[in-house]
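One file, upload_17.pdb, is given below (PDB, C-alpha atoms, pLDDT in the B column).
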ATOM      1  CA  MET W   1      -5.087  22.485  -6.917  1.00 46.00           C
ATOM      2  CA  GLU W   2      -7.003  24.430  -9.533  1.00 50.00           C
ATOM      3  CA  SER W   3      -5.280  23.635 -12.851  1.00 54.00           C
ATOM      4  CA  GLU W   4      -5.972  20.495 -14.885  1.00 74.00           C
ATOM      5  CA  LYS W   5      -2.317  19.591 -15.384  1.00 86.00           C
ATOM      6  CA  PRO W   6      -0.576  17.468 -12.742  1.00 87.00           C
ATOM      7  CA  LEU W   7       0.959  19.219  -9.763  1.00 89.00           C
ATOM      8  CA  SER W   8       4.456  18.231  -8.683  1.00 93.00           C
ATOM      9  CA  LEU W   9       5.376  18.860  -5.054  1.00 94.00           C
ATOM     10  CA  PHE W  10       7.739  17.886  -2.270  1.00 96.00           C
ATOM     11  CA  CYS W  11       5.915  16.389   0.697  1.00 96.00           C
ATOM     12  CA  THR W  12       6.079  14.341   3.854  1.00 95.00           C
ATOM     13  CA  VAL W  13       3.807  11.387   4.592  1.00 94.00           C
ATOM     14  CA  VAL W  14       1.847  12.324   7.716  1.00 94.00           C
ATOM     15  CA  ALA W  15      -0.404   9.255   7.990  1.00 91.00           C
ATOM     16  CA  MET W  16      -1.378   6.172   6.027  1.00 89.00           C
ATOM     17  CA  ASP W  17      -4.753   4.432   6.307  1.00 87.00           C
ATOM     18  CA  THR W  18      -3.922   0.764   6.791  1.00 80.00           C
ATOM     19  CA  THR W  19      -7.448  -0.376   7.588  1.00 82.00           C
ATOM     20  CA  ASP W  20      -8.616  -0.507   3.963  1.00 85.00           C
ATOM     21  CA  TYR W  21      -5.571  -0.308   1.682  1.00 90.00           C
ATOM     22  CA  CYS W  22      -6.442  -2.833  -1.018  1.00 92.00           C
ATOM     23  CA  TYR W  23      -9.318  -4.215  -3.048  1.00 92.00           C
ATOM     24  CA  LEU W  24     -10.009  -7.449  -4.922  1.00 92.00           C
ATOM     25  CA  VAL W  25      -9.992  -7.709  -8.702  1.00 92.00           C
ATOM     26  CA  CYS W  26     -10.267 -10.449 -11.281  1.00 88.00           C
ATOM     27  CA  SER W  27      -6.776 -11.811 -11.905  1.00 86.00           C
ATOM     28  CA  ARG W  28      -7.407 -11.765 -15.655  1.00 84.00           C
ATOM     29  CA  CYS W  29      -9.212  -8.493 -16.491  1.00 89.00           C
ATOM     30  CA  GLU W  30      -8.718  -6.603 -13.181  1.00 90.00           C
ATOM     31  CA  LYS W  31     -12.387  -5.670 -12.801  1.00 89.00           C
ATOM     32  CA  THR W  32     -13.391  -5.182  -9.152  1.00 89.00           C
ATOM     33  CA  LEU W  33     -14.828  -8.213  -7.324  1.00 88.00           C
ATOM     34  CA  PRO W  34     -17.038  -8.137  -4.209  1.00 83.00           C
ATOM     35  CA  ASN W  35     -15.057 -10.901  -2.442  1.00 76.00           C
ATOM     36  CA  GLU W  36     -12.321 -13.424  -3.119  1.00 71.00           C
ATOM     37  CA  TYR W  37     -14.770 -16.254  -3.778  1.00 71.00           C
ATOM     38  CA  SER W  38     -16.629 -14.407  -6.522  1.00 73.00           C
ATOM     39  CA  SER W  39     -15.961 -15.187 -10.125  1.00 76.00           C
ATOM     40  CA  CYS W  40     -15.731 -12.439 -12.699  1.00 80.00           C
ATOM     41  CA  LYS W  41     -18.911 -11.931 -14.678  1.00 80.00           C
ATOM     42  CA  TYR W  42     -16.837 -10.560 -17.580  1.00 80.00           C
ATOM     43  CA  CYS W  43     -14.363 -13.434 -17.979  1.00 79.00           C
ATOM     44  CA  ASP W  44     -14.855 -17.010 -19.073  1.00 61.00           C
ATOM     45  CA  PRO W  45     -14.661 -19.261 -15.982  1.00 61.00           C
ATOM     46  CA  LYS W  46     -12.773 -21.853 -18.087  1.00 58.00           C
ATOM     47  CA  PHE W  47      -9.814 -19.433 -18.156  1.00 55.00           C
ATOM     48  CA  PHE W  48      -8.956 -20.122 -14.533  1.00 53.00           C
ATOM     49  CA  ASN W  49      -6.768 -23.081 -13.701  1.00 53.00           C
ATOM     50  CA  PRO W  50      -7.989 -25.411 -10.968  1.00 50.00           C
ATOM     51  CA  GLY W  51      -6.161 -24.605  -7.764  1.00 49.00           C
ATOM     52  CA  SER W  52      -5.308 -21.060  -8.819  1.00 55.00           C
ATOM     53  CA  SER W  53      -7.022 -18.001  -7.476  1.00 65.00           C
ATOM     54  CA  ASN W  54      -9.354 -16.116  -9.771  1.00 77.00           C
ATOM     55  CA  SER W  55      -8.800 -12.949  -7.734  1.00 86.00           C
ATOM     56  CA  LYS W  56      -5.904 -10.812  -6.615  1.00 91.00           C
ATOM     57  CA  ARG W  57      -5.502  -7.679  -4.525  1.00 93.00           C
ATOM     58  CA  LEU W  58      -4.467  -4.257  -5.804  1.00 95.00           C
ATOM     59  CA  TYR W  59      -3.443  -1.285  -3.693  1.00 95.00           C
ATOM     60  CA  ARG W  60      -5.694   1.690  -3.004  1.00 94.00           C
ATOM     61  CA  ILE W  61      -3.989   3.470  -0.113  1.00 93.00           C
ATOM     62  CA  LEU W  62      -5.217   6.735   1.367  1.00 93.00           C
ATOM     63  CA  VAL W  63      -2.286   8.815   2.548  1.00 93.00           C
ATOM     64  CA  SER W  64      -2.209  12.224   4.229  1.00 95.00           C
ATOM     65  CA  ILE W  65       0.724  14.251   2.948  1.00 95.00           C
ATOM     66  CA  ALA W  66       1.977  17.661   4.018  1.00 96.00           C
ATOM     67  CA  SER W  67       3.576  20.098   1.610  1.00 94.00           C
ATOM     68  CA  SER W  68       5.053  23.432   2.635  1.00 93.00           C
ATOM     69  CA  GLU W  69       1.625  25.030   2.146  1.00 92.00           C
ATOM     70  CA  GLU W  70      -1.097  22.536   3.090  1.00 93.00           C
ATOM     71  CA  VAL W  71      -2.117  18.974   3.920  1.00 94.00           C
ATOM     72  CA  PHE W  72      -3.693  16.788   1.227  1.00 89.00           C
ATOM     73  CA  VAL W  73      -5.374  13.402   1.288  1.00 94.00           C
ATOM     74  CA  VAL W  74      -4.018  11.476  -1.661  1.00 95.00           C
ATOM     75  CA  VAL W  75      -4.865   8.057  -3.035  1.00 94.00           C
ATOM     76  CA  LEU W  76      -2.051   5.768  -4.157  1.00 94.00           C
ATOM     77  CA  PHE W  77      -3.150   3.090  -6.574  1.00 94.00           C
ATOM     78  CA  ASP W  78      -1.255  -0.103  -7.327  1.00 96.00           C
ATOM     79  CA  ARG W  79       1.503   1.128  -9.678  1.00 95.00           C
ATOM     80  CA  VAL W  80       2.570   3.994  -7.398  1.00 95.00           C
ATOM     81  CA  ALA W  81       2.042   2.107  -4.119  1.00 94.00           C
ATOM     82  CA  ARG W  82       4.302  -0.740  -5.280  1.00 94.00           C
ATOM     83  CA  VAL W  83       7.195   1.749  -5.504  1.00 92.00           C
ATOM     84  CA  LEU W  84       6.774   2.585  -1.808  1.00 91.00           C
ATOM     85  CA  ILE W  85       5.761  -0.827  -0.460  1.00 92.00           C
ATOM     86  CA  GLY W  86       8.001  -2.962  -2.673  1.00 92.00           C
ATOM     87  CA  CYS W  87       5.688  -5.936  -3.169  1.00 94.00           C
ATOM     88  CA  SER W  88       2.239  -6.907  -4.424  1.00 94.00           C
ATOM     89  CA  ALA W  89      -0.848  -6.031  -2.410  1.00 94.00           C
ATOM     90  CA  ASP W  90      -1.441  -9.779  -1.889  1.00 93.00           C
ATOM     91  CA  GLU W  91       2.011 -10.230  -0.332  1.00 92.00           C
ATOM     92  CA  PHE W  92       1.587  -7.155   1.898  1.00 90.00           C
ATOM     93  CA  PHE W  93      -1.918  -8.304   2.909  1.00 89.00           C
ATOM     94  CA  ASN W  94      -0.587 -11.735   3.938  1.00 89.00           C
ATOM     95  CA  PHE W  95       2.304 -10.141   5.830  1.00 86.00           C
ATOM     96  CA  THR W  96       0.036  -7.742   7.747  1.00 82.00           C
ATOM     97  CA  MET W  97      -2.265 -10.611   8.728  1.00 82.00           C
ATOM     98  CA  VAL W  98       0.644 -11.979  10.783  1.00 79.00           C
ATOM     99  CA  ASN W  99       2.114  -8.542  11.673  1.00 75.00           C
ATOM    100  CA  PRO W 100      -0.800  -6.083  12.014  1.00 71.00           C
ATOM    101  CA  SER W 101       1.324  -3.112  13.133  1.00 67.00           C
ATOM    102  CA  ALA W 102       3.412  -3.124   9.950  1.00 67.00           C
ATOM    103  CA  GLY W 103       1.687  -0.221   8.174  1.00 66.00           C
ATOM    104  CA  LYS W 104       3.227   2.825   9.867  1.00 74.00           C
ATOM    105  CA  LEU W 105       6.637   2.574   8.235  1.00 78.00           C
ATOM    106  CA  LEU W 106       6.195   5.339   5.627  1.00 86.00           C
ATOM    107  CA  GLU W 107       5.079   8.013   8.078  1.00 88.00           C
ATOM    108  CA  GLY W 108       7.592  10.869   8.225  1.00 89.00           C
ATOM    109  CA  LYS W 109       9.256   9.916   4.932  1.00 91.00           C
ATOM    110  CA  MET W 110       9.744  12.626   2.287  1.00 93.00           C
ATOM    111  CA  PHE W 111       8.875  12.266  -1.389  1.00 95.00           C
ATOM    112  CA  GLN W 112       8.361  14.197  -4.551  1.00 95.00           C
ATOM    113  CA  MET W 113       4.870  13.371  -5.813  1.00 95.00           C
ATOM    114  CA  LYS W 114       3.067  14.219  -8.972  1.00 96.00           C
ATOM    115  CA  LEU W 115      -0.656  14.604  -8.264  1.00 94.00           C
ATOM    116  CA  SER W 116      -3.671  14.720 -10.549  1.00 92.00           C
ATOM    117  CA  LYS W 117      -7.275  15.623  -9.904  1.00 88.00           C
ATOM    118  CA  PRO W 118      -9.761  12.787  -9.487  1.00 81.00           C
ATOM    119  CA  LYS W 119     -11.532  11.635 -12.623  1.00 73.00           C
ATOM    120  CA  VAL W 120     -14.852  13.401 -13.099  1.00 71.00           C
ATOM    121  CA  ASN W 121     -16.755  10.329 -14.323  1.00 68.00           C
ATOM    122  CA  GLY W 122     -16.538   8.325 -11.086  1.00 68.00           C
ATOM    123  CA  ASN W 123     -16.876   8.449  -7.328  1.00 73.00           C
ATOM    124  CA  ALA W 124     -13.300   9.634  -6.807  1.00 73.00           C
ATOM    125  CA  GLN W 125     -12.923  12.426  -4.303  1.00 81.00           C
ATOM    126  CA  HIS W 126      -9.185  12.506  -3.504  1.00 88.00           C
ATOM    127  CA  LEU W 127      -6.154  13.689  -5.415  1.00 91.00           C
ATOM    128  CA  ARG W 128      -4.356  10.819  -7.097  1.00 92.00           C
ATOM    129  CA  ALA W 129      -0.597  10.247  -6.961  1.00 95.00           C
ATOM    130  CA  ILE W 130       0.555   9.433 -10.485  1.00 94.00           C
ATOM    131  CA  SER W 131       4.249   9.219  -9.628  1.00 95.00           C
ATOM    132  CA  VAL W 132       6.370   9.190  -6.502  1.00 94.00           C
ATOM    133  CA  THR W 133      10.100   9.621  -5.978  1.00 94.00           C
ATOM    134  CA  PRO W 134      11.722   9.082  -2.579  1.00 93.00           C
ATOM    135  CA  LEU W 135      13.883  12.038  -1.496  1.00 94.00           C
ATOM    136  CA  CYS W 136      16.134   9.993   0.768  1.00 88.00           C
ATOM    137  CA  SER W 137      19.150   8.489  -0.975  1.00 87.00           C
ATOM    138  CA  ASP W 138      19.067   5.388   1.227  1.00 86.00           C
ATOM    139  CA  PHE W 139      15.313   4.762   0.821  1.00 87.00           C
ATOM    140  CA  SER W 140      14.297   1.135   0.639  1.00 86.00           C
ATOM    141  CA  PRO W 141      10.738  -0.095   0.022  1.00 88.00           C
ATOM    142  CA  ALA W 142       8.681  -0.712   3.148  1.00 86.00           C
ATOM    143  CA  MET W 143       8.472  -4.478   2.672  1.00 88.00           C
ATOM    144  CA  LYS W 144      12.256  -4.874   2.603  1.00 87.00           C
ATOM    145  CA  THR W 145      12.552  -2.999   5.900  1.00 83.00           C
ATOM    146  CA  LEU W 146       9.595  -4.876   7.394  1.00 83.00           C
ATOM    147  CA  LYS W 147      11.097  -8.249   6.539  1.00 82.00           C
ATOM    148  CA  GLU W 148      14.280  -7.217   8.329  1.00 81.00           C
ATOM    149  CA  LEU W 149      12.347  -5.957  11.378  1.00 78.00           C
ATOM    150  CA  TYR W 150       9.939  -8.895  11.556  1.00 73.00           C
ATOM    151  CA  ARG W 151      12.411 -11.615  10.699  1.00 72.00           C
ATOM    152  CA  ASP W 152      10.819 -15.054  11.074  1.00 50.00           C
ATOM    153  CA  GLY W 153       7.378 -13.493  11.589  1.00 51.00           C
ATOM    154  CA  VAL W 154       8.206 -12.136  15.050  1.00 50.00           C
ATOM    155  CA  SER W 155       7.531  -8.486  15.844  1.00 51.00           C
ATOM    156  CA  PRO W 156      10.556  -6.718  17.316  1.00 46.00           C
ATOM    157  CA  LEU W 157       8.239  -5.520  20.085  1.00 44.00           C
ATOM    158  CA  HIS W 158       7.440  -9.101  21.083  1.00 43.00           C
ATOM    159  CA  GLN W 159      10.893 -10.653  20.913  1.00 41.00           C
ATOM    160  CA  SER W 160      12.128 -11.992  24.202  1.00 41.00           C
ATOM    161  CA  GLN W 161      14.450  -9.579  25.962  1.00 40.00           C
ATOM    162  CA  PRO W 162      17.348 -10.839  28.044  1.00 41.00           C
ATOM    163  CA  SER W 163      16.550 -10.480  31.692  1.00 40.00           C
ATOM    164  CA  SER W 164      18.530  -7.853  33.588  1.00 41.00           C
ATOM    165  CA  SER W 165      17.817  -9.622  36.840  1.00 40.00           C
ATOM    166  CA  THR W 166      20.113 -12.448  37.832  1.00 41.00           C
ATOM    167  CA  HIS W 167      17.675 -13.833  40.409  1.00 41.00           C
ATOM    168  CA  GLY W 168      20.425 -14.307  42.980  1.00 43.00           C
ATOM    169  CA  ASN W 169      22.861 -15.910  40.520  1.00 42.00           C
ATOM    170  CA  PRO W 170      26.327 -14.334  40.330  1.00 41.00           C
TER     171      PRO W 170
END
Could you quickly redo this structure as structure tokens?
Amino acid sequence: MESEKPLSLFCTVVAMDTTDYCYLVCSRCEKTLPNEYSSCKYCDPKFFNPGSSNSKRLYRILVSIASSEEVFVVVLFDRVARVLIGCSADEFFNFTMVNPSAGKLLEGKMFQMKLSKPKVNGNAQHLRAISVTPLCSDFSPAMKTLKELYRDGVSPLHQSQPSSSTHGNP
């Protein structure tokens, strides 16, 4: 991707890194925090209500995508990732704590993505998805599908299966 203007392409999600897909920010100014118990050095601590969290999670998902010509590693930040996941990073984080295998749902799905180069002034090294459009007419966000699959917090892989053996009973 040589030009400075965004590149629009049709692609397939090959893999999604679900080991480190979100980061903590101040719930007021959205500056990055080192951990959920840290308070923001930029905001007035009196702003936060007792009992409320002074941090929240935002998405930063690394995704490998394949176009007709090559494979890219792309970063999806919060606004774009919410289109695909269908919920906040906090909600997805809490869901994956109970259902750790939930992150593979987007693999194999096709999208049109608009990509931009990483900003020069930072540590960014991956292309950035600035918009994403599902190419499947019946696409539903991952969280909606996951809630159906993991109804009541039980993985479909771990649900009890009816026994095919009758153990001598007619």
_One decimal, in Å: what's the spacing between CA of Arg60 in chain W and CA of His126 in chain W?_
11.4 Å
*Figure out the distance between CA of Lys56 in chain W and CA of Glu36 in chain W, please, to one decimal in Å.*
7.8 Å
*For the file shown, what are the residues hit by the PyMOL selection byres ((chain W and resi 102-119) around 8), laid out as a PyMOL selection string?*
chain W and resi 1+4-16+18+84+96+99-101+120-122+124-136+142+146
*asked:* Could you tell me, as a ChimeraX atom specification, exactly which residues end up selected when the PyMOL selection byres ((chain W and resi 87-89) around 9) is applied to this structure?
replied: /W:21-23,56-59,78,81-86,90-94,141-144
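Atom to atom, CA of Phe77 in chain W and CA of Pro34 in chain W stand 18.0 Å apart.
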Could you work out an axis-aligned box for range 116-125 of chain W, taking every atom the file lists and adding 8 Å on each side, and report centre and edge lengths in Å to one decimal, as JSON?
{"center_x": -10.3, "center_y": 12.0, "center_z": -9.3, "size_x": 29.2, "size_y": 23.3, "size_z": 26.0}
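Of the residues listed (W:Met97, W:Leu76, W:Cys40, W:Leu33), W:Leu76 shows the shortest atom-to-atom separation from Asp17 in chain W; distances use all atoms listed in the file.
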*Taking all atoms listed in the file into account, which of W:Arg79, W:Arg28, W:Ser55, W:Val74 comes nearest Tyr42 in chain W?*
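Looking only at the distances to Tyr42 in chain W, the closest residue turns out to be W:Arg28.
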